[in-house]
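**Student:** This is run.tsv, which holds TSV, C-alpha atoms:
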```
chain	number	residue	atom	x	y	z
A	12	MET	CA	7.86	-13.42	9.96
A	13	LYS	CA	4.62	-11.39	9.98
A	14	LYS	CA	6.47	-8.28	8.80
A	15	LYS	CA	8.06	-10.20	5.95
A	16	LEU	CA	4.69	-11.63	4.90
A	17	LEU	CA	3.12	-8.19	5.12
A	18	SER	CA	5.94	-6.74	3.01
A	19	ILE	CA	5.47	-9.40	0.34
A	20	LEU	CA	1.71	-8.85	0.35
A	21	LEU	CA	2.10	-5.08	0.01
A	22	THR	CA	4.60	-5.56	-2.82
A	23	LEU	CA	2.13	-7.78	-4.68
A	24	VAL	CA	-0.68	-5.27	-4.20
A	25	LEU	CA	1.57	-2.50	-5.55
A	26	CYS	CA	2.54	-4.58	-8.58
A	27	PHE	CA	-1.08	-5.41	-9.40
A	28	SER	CA	-2.14	-1.78	-9.04
A	29	LEU	CA	0.63	-0.63	-11.35
A	30	ALA	CA	-0.38	-3.25	-13.91
A	31	ALA	CA	-4.00	-2.12	-13.67
A	32	CYS	CA	-2.99	1.50	-14.22
A	33	GLY	CA	-1.10	0.51	-17.35
A	34	GLY	CA	-4.22	-1.21	-18.67
A	35	ASP	CA	-6.22	1.95	-17.99
A	36	ASP	CA	-3.70	3.97	-20.02
A	37	ARG	CA	-3.98	1.58	-22.97
A	38	LEU	CA	-7.77	1.68	-22.74
A	39	LYS	CA	-7.79	5.48	-22.66
A	40	GLU	CA	-5.41	5.66	-25.63
A	41	LEU	CA	-7.54	3.23	-27.63
A	42	LYS	CA	-10.72	5.13	-26.75
A	43	ASP	CA	-9.12	8.42	-27.83
A	44	LEU	CA	-7.97	6.91	-31.13
A	45	PHE	CA	-11.41	5.32	-31.64
A	46	ASN	CA	-13.08	8.72	-31.13
A	47	GLN	CA	-10.67	10.36	-33.59
A	48	VAL	CA	-11.73	7.84	-36.25
A	49	VAL	CA	-15.43	7.47	-35.46
A	50	GLU	CA	-16.19	11.20	-35.69
A	51	PRO	CA	-15.10	11.59	-39.33
A	52	TYR	CA	-16.53	8.13	-40.09
A	53	ASN	CA	-19.98	9.27	-38.94
A	54	GLU	CA	-19.60	12.46	-40.97
A	55	ALA	CA	-18.57	10.46	-44.05
A	56	LEU	CA	-21.48	8.03	-43.62
A	57	THR	CA	-24.00	10.86	-43.36
A	58	LEU	CA	-22.53	12.66	-46.38
A	59	ALA	CA	-22.39	9.44	-48.41
A	60	GLN	CA	-26.06	8.81	-47.75
A	61	GLU	CA	-27.06	12.42	-48.48
A	62	ASN	CA	-24.99	12.67	-51.66
A	63	GLY	CA	-25.80	9.29	-53.18
A	64	TRP	CA	-22.39	7.69	-52.61
A	65	MET	CA	-23.95	4.49	-51.30
A	66	ALA	CA	-24.54	3.65	-54.98
A	67	ASP	CA	-20.76	3.45	-55.39
A	68	GLU	CA	-19.65	-0.10	-54.56
A	69	VAL	CA	-16.17	0.90	-53.39
A	70	THR	CA	-17.45	3.58	-51.02
A	71	GLN	CA	-20.20	1.33	-49.72
A	72	THR	CA	-17.70	-1.48	-49.09
A	73	GLU	CA	-15.31	0.89	-47.29
A	74	LEU	CA	-18.05	2.23	-45.02
A	75	ASN	CA	-19.49	-1.23	-44.33
A	76	THR	CA	-16.05	-2.61	-43.49
A	77	MET	CA	-15.38	0.24	-41.09
A	78	SER	CA	-18.79	-0.22	-39.51
A	79	ALA	CA	-18.12	-3.94	-39.02
A	80	VAL	CA	-15.06	-3.01	-36.92
A	81	LEU	CA	-16.15	0.24	-35.27
A	82	ASP	CA	-19.56	-0.90	-34.02
A	83	PRO	CA	-18.37	-3.89	-31.94
A	84	LEU	CA	-15.20	-2.07	-30.86
A	85	GLY	CA	-17.26	0.87	-29.63
A	86	GLU	CA	-19.47	-1.50	-27.69
A	87	MET	CA	-16.46	-3.25	-26.11
A	88	LEU	CA	-14.91	0.10	-25.17
A	89	SER	CA	-18.14	1.40	-23.65
A	90	GLU	CA	-18.29	-1.75	-21.51
A	91	GLY	CA	-14.83	-1.07	-20.12
A	92	GLY	CA	-12.72	-3.08	-22.57
A	93	SER	CA	-12.18	-5.93	-20.11
A	94	GLU	CA	-12.52	-8.57	-22.84
A	95	LEU	CA	-9.75	-7.00	-24.96
A	96	THR	CA	-6.44	-8.87	-24.91
A	97	ASP	CA	-3.04	-7.28	-25.47
A	98	GLU	CA	-3.17	-8.61	-29.03
A	99	ASP	CA	-6.60	-6.97	-29.51
A	100	TYR	CA	-5.26	-3.64	-28.28
A	101	ASP	CA	-2.31	-3.86	-30.66
A	102	ALA	CA	-4.43	-4.92	-33.65
A	103	PHE	CA	-7.14	-2.30	-33.13
A	104	THR	CA	-4.59	0.44	-32.48
A	105	LYS	CA	-2.71	-0.42	-35.66
A	106	LEU	CA	-5.90	-0.54	-37.74
A	107	LEU	CA	-7.28	2.73	-36.39
A	108	GLU	CA	-3.92	4.45	-36.91
A	109	GLU	CA	-4.00	3.28	-40.54
A	110	TRP	CA	-7.56	4.49	-41.04
A	111	LEU	CA	-7.14	7.90	-39.42
A	112	PRO	CA	-5.23	9.62	-42.26
A	113	ALA	CA	-7.65	8.17	-44.84
A	114	MET	CA	-10.71	9.61	-43.12
A	115	ASP	CA	-10.16	13.16	-44.42
A	116	GLU	CA	-9.95	11.87	-47.99
A	117	LEU	CA	-13.13	9.84	-47.53
A	118	VAL	CA	-15.04	12.81	-46.11
A	119	GLN	CA	-13.84	15.01	-48.98
A	120	ARG	CA	-14.81	12.43	-51.59
A	121	VAL	CA	-18.37	11.95	-50.33
A	122	SER	CA	-19.01	15.65	-49.61
A	123	VAL	CA	-19.99	16.25	-53.24
A	124	PRO	CA	-22.86	14.61	-55.12
A	125	TYR	CA	-22.09	11.19	-56.60
A	126	GLU	CA	-21.92	10.98	-60.37
A	127	GLU	CA	-21.86	7.61	-62.09
```
Now, as a test, write the supplied structure out as structure tokens.

**Tutor:**
Amino acid sequence: MKKKLLSILLTLVLCFSLAACGGDDRLKELKDLFNQVVEPYNEALTLAQENGWMADEVTQTELNTMSAVLDPLGEMLSEGGSELTDEDYDAFTKLLEEWLPAMDELVQRVSVPYEE
């Protein structure tokens, strides 16, 4: 009976450790994607400020919207991401994957002086 109980206990420990590893993979993937987006975002923000693009409502709205998502997400990720649910992971991953291709265009647009 003790061997059977020990076997069940070890099986449960193994299952929980595998589940935890999967969570670590998702967290790492989300952090990597976050970093791929935040680097060009920071570049675009700096260029927009230097080149007067903050006077453009569309650009300002884009950058503010991204900031409203990236700032709290970055904080959650730096704290280990424990409060992120599976739905959060999916939603943030989808959003960041959508933003990533647009970042190059944004950086290009704001890299020249703004003209009204």

**Student:** If we draw a sphere of 12 Å around (-7.9, 4.9, -36.1), which residues have at least one atom in it when counting all atoms listed in the file? Please report them as an MDAnalysis selection string.

**Tutor:** chainID A and resid 40:52 77 80:81 84 100:115

**Student:** Have a look at A:Asp36, A:Gly63, A:Glu73, A:Glu54 and name the one nearest to Gln119 in chain A; count all atoms listed in the file.

**Tutor:**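 So, comparing all the options, the nearest one is A:Glu54.
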
**Student:** Name the closest residue to Val118 in chain A among the candidates A:Thr96, A:Thr72, A:Thr57, A:Met65; distances are taken between atoms, counting all atoms listed in the file.

**Tutor:** A:Thr57

**Student:** Suppose you want the space between CA of Tyr125 in chain A and CA of Thr76 in chain A; what is it in Å?

**Tutor:**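 Rounded to one decimal, the two atoms are 20.0 Å apart.
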
**Student:** Which value, in Å to one decimal, gives the distance between CA of Asn62 in chain A and CA of Arg120 in chain A?

**Tutor:** 10.2 Å

**Student:** Using all atoms listed in the file, pick whichever of A:Glu116, A:Glu126, A:Val121, A:Asp35 has the shortest atom-to-atom distance to Gln60 in chain A.

**Tutor:**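 The closest residue to Gln60 in chain A is A:Val121.
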
**Student:** Padding of 3 Å on every side, edges along x, y and z, all listed atoms of range 64-70 of chain A included: what centre and edge lengths in Å, to one decimal, does that box have, as lines of an AutoDock Vina configuration file?

**Tutor:**
```
center_x = -20.4
center_y = 3.8
center_z = -53.2
size_x = 14.4
size_y = 13.8
size_z = 10.4
```

**Student:** May I ask which of the residues A:Leu95, A:Asp82, A:Ser89, A:Thr70 is the closest one to Ala55 in chain A, counting all atoms listed in the file?

**Tutor:**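 Closest to Ala55 in chain A, using all atoms listed in the file: A:Thr70.
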
**Student:** Separation of CA of Ser122 in chain A and CA of Ser78 in chain A, in Å?

**Tutor:** 18.8 Å
